[in-house]
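Asker: Below is the file target27.cif, which contains mmCIF, C-alpha atoms and all ligand atoms.
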data_my_file
#
loop_
_atom_site.label_atom_id
_atom_site.label_comp_id
_atom_site.auth_asym_id
_atom_site.auth_seq_id
_atom_site.Cartn_x
_atom_site.Cartn_y
_atom_site.Cartn_z
CA MET A 1 131.61 -27.57 -40.30
CA SER A 2 130.55 -28.96 -43.63
CA THR A 3 132.25 -28.05 -46.88
CA PHE A 4 129.22 -25.94 -47.81
CA LYS A 5 128.38 -22.43 -46.77
CA ALA A 6 125.28 -20.29 -47.24
CA PRO A 7 125.50 -18.68 -50.73
CA LYS A 8 127.01 -15.21 -51.02
CA GLY A 9 124.63 -12.49 -49.90
CA THR A 10 122.49 -14.85 -47.82
CA TYR A 11 122.46 -15.92 -44.20
CA ASP A 12 120.64 -18.47 -42.08
CA LEU A 13 118.16 -17.66 -39.37
CA ILE A 14 119.01 -19.81 -36.40
CA PRO A 15 117.88 -19.97 -32.77
CA PRO A 16 117.85 -17.96 -30.62
CA ASP A 17 118.00 -14.97 -33.04
CA SER A 18 115.40 -16.49 -35.36
CA ALA A 19 112.78 -15.90 -32.66
CA THR A 20 113.25 -12.15 -33.14
CA TYR A 21 112.55 -12.50 -36.88
CA LEU A 22 109.35 -14.40 -36.21
CA ALA A 23 108.28 -11.77 -33.69
CA VAL A 24 108.97 -8.97 -36.18
CA ARG A 25 106.89 -10.69 -38.86
CA GLU A 26 104.10 -11.18 -36.36
CA ALA A 27 104.24 -7.56 -35.16
CA ILE A 28 103.91 -6.28 -38.73
CA ALA A 29 101.12 -8.72 -39.57
CA ALA A 30 99.00 -8.16 -36.45
CA PRO A 31 97.71 -4.65 -37.26
CA LEU A 32 96.95 -5.78 -40.85
CA ARG A 33 94.90 -8.77 -39.72
CA ASP A 34 93.01 -6.47 -37.36
CA SER A 35 92.21 -4.11 -40.25
CA GLY A 36 90.54 -6.45 -42.70
CA TYR A 37 93.58 -7.71 -44.62
CA GLY A 38 93.43 -11.41 -45.58
CA TYR A 39 96.54 -13.58 -45.90
CA ILE A 40 97.78 -14.43 -49.40
CA GLU A 41 100.66 -16.66 -50.46
CA THR A 42 101.93 -16.83 -54.03
CA PRO A 43 104.72 -18.91 -55.64
CA GLY A 44 108.36 -18.01 -55.10
CA PHE A 45 108.79 -17.68 -58.87
CA GLU A 46 106.69 -16.23 -61.65
CA SER A 47 106.95 -15.62 -65.36
CA VAL A 48 109.82 -13.19 -66.11
CA GLU A 49 107.39 -11.21 -68.20
CA LEU A 50 105.20 -10.39 -65.18
CA PHE A 51 108.08 -8.57 -63.50
CA ALA A 52 109.36 -7.01 -66.72
CA ARG A 53 105.93 -5.48 -67.31
CA GLY A 54 104.91 -4.99 -63.71
CA VAL A 55 108.09 -3.70 -62.09
CA GLY A 56 109.42 -1.95 -65.18
CA GLU A 57 111.62 -2.87 -68.10
CA SER A 58 114.14 -0.13 -67.29
CA THR A 59 114.48 -0.64 -63.53
CA ASP A 60 117.65 -1.99 -61.90
CA ILE A 61 115.52 -4.74 -60.39
CA VAL A 62 114.58 -6.09 -63.80
CA THR A 63 117.71 -5.29 -65.82
CA LYS A 64 120.39 -6.23 -63.28
CA GLU A 65 119.03 -7.91 -60.20
CA MET A 66 116.62 -10.60 -61.27
CA TYR A 67 117.33 -14.31 -60.83
CA ALA A 68 115.89 -15.31 -64.19
CA PHE A 69 116.14 -18.79 -65.66
CA GLU A 70 114.66 -21.07 -68.23
CA THR A 71 113.13 -24.36 -67.10
CA LYS A 72 113.70 -27.69 -68.82
CA GLY A 73 110.22 -27.20 -70.28
CA GLY A 74 111.27 -23.89 -71.83
CA ASP A 75 109.37 -21.56 -69.47
CA LYS A 76 111.13 -18.29 -68.70
CA LEU A 77 110.77 -17.72 -64.98
CA ALA A 78 112.30 -15.51 -62.30
CA LEU A 79 112.58 -15.76 -58.54
CA ARG A 80 110.33 -13.01 -57.25
CA PRO A 81 112.22 -9.75 -56.58
CA GLU A 82 109.20 -8.10 -54.94
CA GLY A 83 105.64 -8.91 -53.94
CA THR A 84 103.19 -6.50 -55.51
CA ALA A 85 103.13 -7.77 -59.09
CA SER A 86 102.58 -11.37 -57.92
CA VAL A 87 99.82 -10.45 -55.48
CA LEU A 88 97.98 -8.43 -58.09
CA ARG A 89 98.43 -11.22 -60.63
CA ALA A 90 96.96 -13.72 -58.16
CA ALA A 91 94.03 -11.45 -57.23
CA LEU A 92 93.16 -10.93 -60.90
CA GLU A 93 93.54 -14.63 -61.68
CA ALA A 94 91.13 -15.53 -58.84
CA ASN A 95 88.77 -12.71 -59.86
CA LEU A 96 88.84 -11.35 -56.32
CA HIS A 97 88.06 -7.91 -57.73
CA LYS A 98 84.79 -9.19 -59.19
CA LEU A 99 83.33 -10.38 -55.91
CA GLY A 100 81.83 -6.95 -55.35
CA ASN A 101 83.86 -6.18 -52.29
CA LEU A 102 86.44 -3.54 -53.13
CA PRO A 103 89.04 -2.83 -52.02
CA VAL A 104 90.45 -6.34 -51.86
CA LYS A 105 92.81 -6.12 -48.88
CA LEU A 106 95.63 -8.66 -48.73
CA TRP A 107 98.79 -9.19 -46.69
CA TYR A 108 101.73 -11.47 -47.31
CA SER A 109 105.01 -12.55 -45.81
CA GLY A 110 107.85 -14.25 -47.60
CA SER A 111 111.28 -14.44 -49.21
CA TYR A 112 112.42 -12.21 -52.08
CA TYR A 113 115.51 -12.42 -54.26
CA ARG A 114 117.66 -9.75 -55.86
CA TYR A 115 121.13 -10.15 -57.30
CA GLU A 116 122.57 -7.11 -55.51
CA ARG A 117 126.03 -6.27 -54.25
CA PRO A 118 125.82 -7.63 -50.70
CA GLN A 119 126.55 -5.40 -47.72
CA LYS A 120 125.12 -4.91 -44.27
CA GLY A 121 121.35 -4.63 -44.69
CA ARG A 122 121.46 -5.60 -48.36
CA TYR A 123 121.16 -9.27 -49.17
CA ARG A 124 120.38 -11.45 -52.16
CA HIS A 125 117.72 -13.26 -50.21
CA PHE A 126 115.64 -11.17 -47.81
CA SER A 127 112.20 -11.15 -46.30
CA GLN A 128 109.33 -8.78 -46.45
CA VAL A 129 105.89 -8.49 -44.96
CA GLY A 130 103.62 -6.57 -47.29
CA ALA A 131 100.10 -5.31 -47.70
CA GLU A 132 98.08 -4.41 -50.79
CA ALA A 133 94.66 -2.75 -51.00
CA ILE A 134 93.36 -3.35 -54.51
CA GLY A 135 90.60 -1.60 -56.41
CA ALA A 136 89.82 1.64 -54.58
CA GLU A 137 90.89 5.21 -54.99
CA ASP A 138 90.46 6.74 -51.57
CA PRO A 139 93.00 8.84 -49.67
CA ALA A 140 91.85 7.14 -46.46
CA LEU A 141 93.22 3.86 -47.80
CA ASP A 142 96.66 5.37 -48.44
CA ALA A 143 96.51 6.89 -44.94
CA GLU A 144 95.41 3.59 -43.39
CA LEU A 145 98.45 1.77 -44.74
CA ILE A 146 100.90 4.43 -43.56
CA ILE A 147 99.27 4.50 -40.12
CA LEU A 148 99.38 0.69 -39.84
CA ALA A 149 103.09 0.56 -40.71
CA ASP A 150 103.76 3.25 -38.10
CA GLN A 151 101.74 1.24 -35.58
CA ALA A 152 103.72 -1.94 -36.39
CA TYR A 153 107.10 -0.26 -35.94
CA ARG A 154 105.96 1.40 -32.71
CA SER A 155 104.59 -1.85 -31.30
CA LEU A 156 108.10 -3.27 -31.72
CA GLY A 157 109.52 -0.37 -29.72
CA LEU A 158 111.18 1.42 -32.64
CA ARG A 159 111.42 5.20 -32.34
CA ASP A 160 114.20 6.49 -34.63
CA PHE A 161 112.39 5.99 -37.91
CA ARG A 162 110.99 8.65 -40.20
CA ILE A 163 108.26 8.59 -42.79
CA LEU A 164 109.06 10.35 -46.07
CA LEU A 165 106.08 11.27 -48.20
CA ASN A 166 105.64 12.48 -51.76
CA SER A 167 103.17 12.41 -54.62
CA LEU A 168 104.27 11.20 -58.05
CA GLY A 169 101.22 12.61 -59.82
CA ASP A 170 99.13 10.68 -62.32
CA LYS A 171 98.81 10.20 -66.05
CA GLU A 172 97.54 13.76 -66.43
CA CYS A 173 100.33 15.68 -64.75
CA ARG A 174 103.32 13.39 -64.67
CA PRO A 175 104.02 13.47 -68.43
CA VAL A 176 104.20 17.28 -68.34
CA TYR A 177 106.62 17.14 -65.44
CA ARG A 178 108.58 14.34 -67.06
CA ALA A 179 109.20 16.48 -70.15
CA ALA A 180 110.28 19.46 -68.04
CA LEU A 181 112.66 17.29 -66.03
CA GLN A 182 114.08 15.77 -69.20
CA ASP A 183 114.80 19.25 -70.57
CA PHE A 184 116.61 20.10 -67.37
CA LEU A 185 118.62 16.85 -67.29
CA ARG A 186 119.78 17.23 -70.89
CA GLY A 187 121.58 20.42 -69.89
CA LEU A 188 123.64 18.66 -67.21
CA ASP A 189 127.06 17.06 -67.35
CA LEU A 190 126.06 13.40 -66.97
CA ASP A 191 127.67 10.13 -68.01
CA GLU A 192 126.23 8.14 -70.87
CA GLU A 193 124.32 5.62 -68.77
CA THR A 194 122.66 8.36 -66.73
CA LEU A 195 121.72 10.25 -69.89
CA ARG A 196 120.13 7.09 -71.20
CA ARG A 197 118.21 6.76 -67.97
CA ALA A 198 117.11 10.38 -68.33
CA ASP A 199 115.59 9.41 -71.66
CA ILE A 200 113.79 6.28 -70.49
CA ASN A 201 112.91 7.09 -66.91
CA PRO A 202 114.02 10.60 -65.91
CA LEU A 203 112.38 10.52 -62.45
CA ARG A 204 114.80 7.84 -61.38
CA VAL A 205 117.77 10.12 -61.98
CA LEU A 206 116.50 12.12 -58.97
CA ASP A 207 117.19 9.00 -56.92
CA ASP A 208 120.87 8.84 -57.98
CA LYS A 209 122.96 8.53 -54.82
CA ARG A 210 126.21 9.98 -56.26
CA ASP A 211 127.30 13.35 -54.86
CA ASP A 212 128.34 14.88 -58.18
CA VAL A 213 124.93 14.03 -59.63
CA GLN A 214 123.04 15.28 -56.58
CA LYS A 215 124.95 18.60 -56.73
CA GLN A 216 123.79 19.16 -60.29
CA LEU A 217 120.21 18.32 -59.35
CA VAL A 218 119.84 21.21 -56.92
CA GLY A 219 117.79 23.38 -59.26
CA ALA A 220 115.81 20.52 -60.81
CA PRO A 221 112.08 21.08 -61.36
CA LEU A 222 109.99 19.34 -58.72
CA LEU A 223 106.87 17.30 -59.35
CA ARG A 224 105.24 19.09 -56.45
CA ASP A 225 105.01 22.20 -58.64
CA TYR A 226 103.44 20.30 -61.52
CA LEU A 227 100.71 18.30 -59.75
CA CYS A 228 97.26 18.67 -61.30
CA ASP A 229 94.40 19.85 -59.09
CA ALA A 230 93.04 16.33 -58.56
CA CYS A 231 96.43 14.99 -57.46
CA LYS A 232 97.04 18.01 -55.26
CA ALA A 233 93.68 17.60 -53.50
CA TYR A 234 94.23 13.85 -53.10
CA HIS A 235 97.66 14.33 -51.60
CA GLU A 236 96.43 17.05 -49.27
CA GLU A 237 93.78 14.74 -47.89
CA VAL A 238 96.27 11.92 -47.31
CA ARG A 239 98.47 14.37 -45.40
CA GLU A 240 95.55 15.60 -43.30
CA LEU A 241 94.39 12.11 -42.38
CA ILE A 242 97.86 11.01 -41.30
CA THR A 243 98.38 14.20 -39.35
CA ALA A 244 95.03 13.79 -37.59
CA ALA A 245 96.14 10.29 -36.58
CA GLY A 246 99.15 11.80 -34.84
CA VAL A 247 101.64 10.20 -37.23
CA SER A 248 104.46 12.54 -38.17
CA PHE A 249 106.03 12.55 -41.60
CA GLU A 250 108.33 14.65 -43.75
CA ASP A 251 107.50 15.92 -47.22
CA ASP A 252 110.25 14.78 -49.56
CA ALA A 253 109.77 16.30 -52.99
CA LYS A 254 112.60 14.20 -54.44
CA LEU A 255 111.32 10.84 -53.24
CA VAL A 256 110.89 8.48 -56.15
CA ARG A 257 111.17 4.74 -55.87
CA GLY A 258 112.98 2.08 -57.84
CA LEU A 259 109.83 0.59 -59.32
CA ASP A 260 107.97 2.06 -62.25
CA TYR A 261 104.43 1.38 -61.18
CA TYR A 262 103.94 4.07 -58.58
CA THR A 263 101.44 6.93 -59.00
CA ARG A 264 100.34 9.64 -56.59
CA THR A 265 101.09 8.73 -52.96
CA THR A 266 104.64 7.43 -52.50
CA PHE A 267 106.34 6.90 -49.17
CA GLU A 268 109.35 5.37 -47.58
CA PHE A 269 110.21 4.48 -43.99
CA VAL A 270 113.82 5.19 -43.14
CA HIS A 271 115.72 4.39 -39.99
CA ASP A 272 118.54 6.65 -38.90
CA GLY A 273 120.63 3.94 -37.24
CA LEU A 274 121.24 1.89 -40.37
CA GLY A 275 123.86 3.76 -42.40
CA SER A 276 123.56 3.61 -46.18
CA GLN A 277 120.82 0.95 -46.35
CA SER A 278 118.43 3.08 -44.34
CA ALA A 279 115.10 2.20 -45.97
CA VAL A 280 113.23 -0.22 -43.74
CA GLY A 281 110.11 -0.17 -45.88
CA GLY A 282 108.31 1.60 -48.64
CA GLY A 283 105.29 1.69 -50.83
CA GLY A 284 102.67 3.77 -52.49
CA ARG A 285 99.81 3.93 -54.90
CA TYR A 286 100.00 2.05 -58.19
CA ASP A 287 96.89 2.93 -60.12
CA GLY A 288 98.21 1.77 -63.49
CA LEU A 289 99.75 -1.58 -62.61
CA SER A 290 96.70 -3.76 -63.17
CA GLU A 291 96.33 -2.53 -66.74
CA MET A 292 100.07 -2.93 -67.29
CA ILE A 293 99.73 -6.65 -66.60
CA GLY A 294 96.60 -7.08 -68.67
CA GLY A 295 93.88 -6.51 -66.05
CA PRO A 296 91.11 -3.93 -65.77
CA ALA A 297 91.68 -0.49 -64.24
CA LEU A 298 92.13 -1.12 -60.51
CA PRO A 299 93.59 1.75 -58.53
CA SER A 300 95.53 0.25 -55.63
CA VAL A 301 97.96 1.06 -52.87
CA GLY A 302 100.39 -1.03 -50.84
CA TRP A 303 103.67 -1.31 -48.99
CA ALA A 304 106.38 -3.80 -48.15
CA LEU A 305 108.44 -3.68 -44.98
CA GLY A 306 111.81 -5.41 -44.86
CA VAL A 307 112.09 -7.89 -42.00
CA ASP A 308 115.91 -8.10 -42.10
CA ARG A 309 116.38 -4.34 -41.84
CA THR A 310 113.69 -4.02 -39.17
CA VAL A 311 115.69 -6.49 -37.06
CA LEU A 312 118.86 -4.43 -37.71
CA ALA A 313 116.92 -1.30 -36.68
CA LEU A 314 115.95 -2.96 -33.40
CA GLU A 315 119.62 -3.77 -32.79
CA ALA A 316 120.65 -0.22 -33.68
CA GLU A 317 118.20 1.18 -31.12
CA GLY A 318 119.18 -1.44 -28.54
CA VAL A 319 115.61 -2.72 -28.33
CA ALA A 320 115.38 -6.28 -27.01
CA LEU A 321 111.97 -7.79 -27.68
CA ASP A 322 110.24 -9.32 -24.72
CA LEU A 323 110.05 -12.87 -26.05
CA PRO A 324 108.50 -15.41 -23.69
CA ALA A 325 110.51 -18.63 -23.23
CA SER A 326 109.16 -21.26 -25.57
CA THR A 327 109.27 -24.02 -22.94
CA SER A 328 107.33 -23.84 -19.65
CA VAL A 329 108.17 -27.24 -18.19
CA PHE A 330 111.32 -29.33 -18.56
CA ALA A 331 111.34 -32.97 -17.46
CA VAL A 332 114.46 -34.66 -16.10
CA PRO A 333 114.17 -38.43 -15.61
CA LEU A 334 116.78 -40.36 -13.65
CA GLY A 335 116.57 -44.01 -14.66
CA GLU A 336 114.49 -46.15 -16.98
CA GLU A 337 111.20 -46.16 -15.15
CA ALA A 338 111.36 -42.38 -14.65
CA ARG A 339 111.90 -42.00 -18.40
CA ARG A 340 108.65 -43.80 -19.14
CA VAL A 341 106.67 -41.96 -16.48
CA LEU A 342 107.98 -38.46 -17.26
CA PHE A 343 107.72 -38.96 -21.02
CA GLY A 344 104.05 -39.66 -20.37
CA VAL A 345 103.77 -36.52 -18.24
CA VAL A 346 105.37 -34.41 -20.98
CA THR A 347 103.05 -35.85 -23.64
CA GLU A 348 99.99 -35.11 -21.51
CA LEU A 349 101.16 -31.58 -20.76
CA ARG A 350 101.67 -30.90 -24.47
CA ARG A 351 98.23 -32.27 -25.31
CA ASN A 352 96.81 -29.89 -22.72
CA GLY A 353 98.56 -26.95 -24.34
CA VAL A 354 101.51 -26.61 -21.95
CA ALA A 355 104.87 -26.16 -23.70
CA ALA A 356 107.05 -28.93 -22.34
CA ASP A 357 110.38 -30.53 -23.20
CA PHE A 358 112.30 -33.57 -22.06
CA SER A 359 115.88 -34.50 -21.32
CA TYR A 360 116.79 -36.89 -24.14
CA GLY A 361 119.82 -39.16 -24.30
CA ALA A 362 121.24 -40.80 -21.21
CA LYS A 363 122.48 -37.80 -19.25
CA GLY A 364 123.51 -37.34 -15.66
CA LEU A 365 121.54 -35.01 -13.40
CA LYS A 366 124.05 -32.19 -13.91
CA GLY A 367 123.94 -32.22 -17.69
CA ALA A 368 120.17 -32.56 -17.68
CA MET A 369 119.74 -29.59 -15.33
CA LYS A 370 121.94 -27.53 -17.63
CA ASN A 371 119.53 -28.28 -20.47
CA ALA A 372 116.61 -27.40 -18.22
CA ASN A 373 118.22 -24.03 -17.47
CA ARG A 374 118.94 -23.32 -21.10
CA SER A 375 115.38 -24.10 -22.12
CA GLY A 376 114.18 -21.14 -20.08
CA ALA A 377 111.48 -23.34 -18.52
CA ARG A 378 109.77 -21.95 -15.45
CA TYR A 379 109.42 -25.43 -13.88
CA THR A 380 111.51 -28.57 -13.88
CA VAL A 381 110.12 -31.96 -12.99
CA VAL A 382 112.77 -34.40 -11.72
CA ALA A 383 112.12 -38.02 -10.82
CA GLY A 384 114.36 -40.91 -9.73
CA GLU A 385 113.70 -44.48 -8.59
CA ARG A 386 113.17 -43.43 -4.97
CA ASP A 387 110.64 -40.72 -5.88
CA LEU A 388 108.64 -43.13 -7.98
CA ALA A 389 108.71 -45.74 -5.24
CA GLU A 390 106.97 -43.12 -3.09
CA GLY A 391 104.59 -42.22 -5.93
CA VAL A 392 105.94 -38.67 -6.31
CA VAL A 393 108.04 -36.47 -8.59
CA GLN A 394 110.06 -33.39 -7.58
CA LEU A 395 108.70 -30.11 -8.86
CA LYS A 396 111.27 -27.34 -8.94
CA ASP A 397 110.39 -23.68 -9.44
CA MET A 398 113.34 -22.39 -11.51
CA GLU A 399 112.77 -18.79 -10.45
CA SER A 400 112.64 -19.25 -6.68
CA GLY A 401 114.69 -22.46 -6.55
CA GLU A 402 112.00 -23.95 -4.32
CA GLN A 403 111.37 -27.70 -4.67
CA VAL A 404 108.37 -29.77 -3.53
CA ALA A 405 107.26 -33.38 -3.95
CA VAL A 406 104.02 -33.78 -5.91
CA GLY A 407 102.09 -37.01 -6.49
CA VAL A 408 102.70 -38.57 -9.92
CA ASN A 409 98.98 -38.47 -10.61
CA GLU A 410 98.65 -34.84 -9.59
CA ILE A 411 101.65 -33.33 -11.36
CA VAL A 412 99.91 -32.41 -14.63
CA ALA A 413 97.02 -30.67 -12.85
CA GLU A 414 99.43 -28.97 -10.45
CA LEU A 415 101.53 -27.55 -13.31
CA GLU A 416 98.48 -26.44 -15.22
CA SER A 417 97.14 -24.55 -12.25
CA ARG A 418 100.51 -22.97 -11.48
CA LEU A 419 100.98 -21.86 -15.09
CA SER A 420 97.48 -20.55 -15.68
P1 LIG B 501 111.54 -2.18 -52.22
O1 LIG B 501 110.67 -3.23 -52.83
O2 LIG B 501 112.85 -2.04 -52.90
O3 LIG B 501 110.83 -0.91 -51.97
O4 LIG B 501 111.89 -2.75 -50.79
C1 LIG B 501 111.05 -2.67 -49.67
C2 LIG B 501 111.86 -2.99 -48.44
O5 LIG B 501 112.41 -4.31 -48.55
C3 LIG B 501 113.07 -2.11 -48.25
O6 LIG B 501 112.73 -0.94 -47.57
C4 LIG B 501 113.99 -2.98 -47.44
O7 LIG B 501 113.66 -2.96 -46.07
C5 LIG B 501 113.69 -4.35 -47.97
N1 LIG B 501 114.71 -4.73 -48.98
C6 LIG B 501 114.71 -4.49 -50.31
N2 LIG B 501 115.80 -5.00 -50.90
C7 LIG B 501 116.53 -5.61 -49.92
C8 LIG B 501 117.75 -6.34 -49.88
N3 LIG B 501 118.47 -6.57 -50.97
N4 LIG B 501 118.19 -6.80 -48.68
C9 LIG B 501 117.48 -6.60 -47.56
N5 LIG B 501 116.31 -5.94 -47.53
C10 LIG B 501 115.83 -5.43 -48.69
#
Before anything else, please render the file you have as structure tokens.
Ligand code: AMP

Answerer:
Amino acid sequence: MSTFKAPKGTYDLIPPDSATYLAVREAIAAPLRDSGYGYIETPGFESVELFARGVGESTDIVTKEMYAFETKGGDKLALRPEGTASVLRAALEANLHKLGNLPVKLWYSGSYYRYERPQKGRYRHFSQVGAEAIGAEDPALDAELIILADQAYRSLGLRDFRILLNSLGDKECRPVYRAALQDFLRGLDLDEETLRRADINPLRVLDDKRDDVQKQLVGAPLLRDYLCDACKAYHEEVRELITAAGVSFEDDAKLVRGLDYYTRTTFEFVHDGLGSQSAVGGGGRYDGLSEMIGGPALPSVGWALGVDRTVLALEAEGVALDLPASTSVFAVPLGEEARRVLFGVVTELRRNGVAADFSYGAKGLKGAMKNANRSGARYTVVAGERDLAEGVVQLKDMESGEQVAVGVNEIVAELESRLS
């Protein structure tokens, strides 16, 4: 072991478990790619100001959890704590919204950073796969994203997750509700910090996890009862479209999320096997965000699914992904000439698209066969001096244990035909 360890709140992805992470990312991305979402990648850091404005000046993410720093050149930057603000910034910067093809549909996959108190399922470095549909106000778009997330989780074999759905209203009805909620909160017995929050961002008090606060919130006014007709109709259509798709969800009138930019449709995916960090993903509509970061009005909707927690959810449900072995053929040379010949065979196999690996380092037959077994390869090719003198190599089927001699010049074709 070296003197260094992964920083607090982080962990390394190493084989074989890392293969599960890759498969989860791929499973989430596949339905997006099939639905018109194009891949976008943005820098790991952005101007602090983008997140302050985009995520919200009063959110925990911005006030407590951001890795912010000043560069030697004097730029104030932050490691990205979430994806939406960056993706929207990039889309606006590239004028994607002006190409006459709205909505702009984008998906991304990457690392995010939050200075949080680490615990199981909550890390300081984590990964998300996300999707954003920018520049269209259409309940079918909100429904599409929820349905695609459901499809992704199901394709992985997850079953014990639930979809919580709510509407946060818009700039017509939310202010009226906000004032009513503030009135209610002022009459409660709350600590100073929570009272301050009630002043700045009262909806987020509904999200307070403490029991004594939740008890007092029982009679709180609900946004549901304040939605304007347009928001009500919009939400009803989202619900109908999801229901028609056979995706079940629960109405959660108290669902608000830790980011300020959400409007109307808001949803969260929770998994019941995860304990306190039960949210595996979340998202919603953010019609005002573009203007908040200096762009034109661009109603948009998106989500981000956490890769780390999705992997934990798979473990909690005891789902083992069916991951094919990465190596199909393993070559074991015995002696110098065999090394040259089999290294050539391996190179040719790889060039022909067959996943092949080789026993490196001078190893005896026993050690080399151990490596062959570990590789998960379906076939092993073994050759010694005597085989080569006869112009053959030994082809061993690792499943049946059967072994046959195959001509050196035929082995590549033979393997290709067996593996096809
Ligand atoms: P949020 O942007 O907070 O809505 O997060 C979206 C998803 O990212 C969550 O549902 C989690 O699955 C994941 N996530 C957020 N923060 C963390 C974290 N600190 N550690 C691990 N996963 C996280």

Asker: Tell me which of A:Glu65, A:Asp191, A:Glu116, A:Asp322 sits closest to ligand LIG 501 (chain B), counting only C-alpha atoms and all ligand atoms.

Answerer: A:Glu116

Asker: For a quick check of understanding, using only C-alpha atoms, which of A:Asp272, A:Glu236, A:Asp397, A:Asp208 has the smallest distance to Arg418 of chain A?

Answerer: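 So, comparing all the options, the nearest one is A:Asp397.
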
Asker: Please identify all protein, DNA and RNA residues within 8 Å of ligand LIG 501 (chain B), counting all atoms listed in the file, and report them as number ranges by chain.

Answerer: A: 81-83, 113-116, 118, 121-128, 257-259, 268-270, 277-283, 303-310

Asker: Rounded to one decimal place, report the atom CA of Arg80 of chain A-atom CA of Tyr153 of chain A distance in Å.

Answerer: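 These atoms are spaced 25.0 Å apart.
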
Asker: Could you list, as JSON, numbers by chain, every residue within 8 Å of segment 325-327 of chain A, counting all atoms listed in the file and ignoring same-chain residues fewer than 4 positions away?

Answerer: {"A": [355, 356, 357, 375, 376, 377, 378]}

Asker: Atom CA of Ser47 of chain A to atom CA of Tyr108 of chain A: how many Å, to one decimal?

Answerer: 19.2 Å

Asker: Which of these, A:Val129, A:Ala316, A:Ala383, A:Ile293, has the shortest distance to Leu50 of chain A once you count only C-alpha atoms?

Answerer: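 Going through A:Val129, A:Ala316, A:Ala383, A:Ile293 one by one, the smallest distance to Leu50 of chain A is for A:Ile293.
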
Asker: Between atom CA of Val62 of chain A and atom CA of Leu188 of chain A, what is the spacing in Å?

Answerer: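 Spanning atom CA of Leu188 of chain A to atom CA of Val62 of chain A is a straight-line distance of 26.6 Å.
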
Asker: Enumerate, as a PyMOL selection string, the protein, DNA and RNA residues whose atoms approach (100.8, -8.8, -47.7) to within 7 Å, taking into account all atoms listed in the file and the coordinate frame of the file.

Answerer: chain A and resi 39-40+106-109+129-132

Asker: Name the closest residue to Thr42 of chain A among the candidates A:Lys5, A:Asp60, A:Lys215, A:Ser86; distances are taken between atoms, counting all atoms listed in the file.

Answerer: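 Counting all atoms listed in the file, the residue closest to Thr42 of chain A is A:Ser86.
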
Asker: Might I get the box with edges along x, y and z of the file that holds all atoms of segment 397-405 of chain A listed there, padded by 5 Å on every side, given as centre and edge lengths in Å to one decimal, as AutoDock Vina command-line options?

Answerer:
--center_x 111.0 --center_y -26.1 --center_z -7.5 --size_x 17.4 --size_y 24.6 --size_z 18.0

Asker: Need to verify the contact set: segment 405-407 of chain A, 8 Å, only C-alpha atoms, exclusion of same-chain residues closer than 5 positions in sequence. Can you return it as a ChimeraX atom specification?

Answerer: /A:391-395

Asker: List the neighbours of Arg186 of chain A out to 12 Å using all atoms listed in the file; skip same-chain residues closer than 2 positions along the sequence, and give me the result as a PyMOL selection string.

Answerer: chain A and resi 179-184+188-192+194-199+202+205+216-217+220

Asker: Neighbouring residues of Lys363 of chain A were defined as those with any atom within 10 Å, considering only C-alpha atoms; residues of the same chain fewer than 2 positions away were excluded. Please report them as a PyMOL selection string.

Answerer: chain A and resi 332-335+359-361+365-369

Asker: Which residue out of A:Lys8, A:Ala27, A:Glu414, A:Thr265 has the minimum interatomic distance to Leu158 of chain A when all atoms listed in the file are used?

Answerer: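 The closest residue to Leu158 of chain A is A:Ala27.
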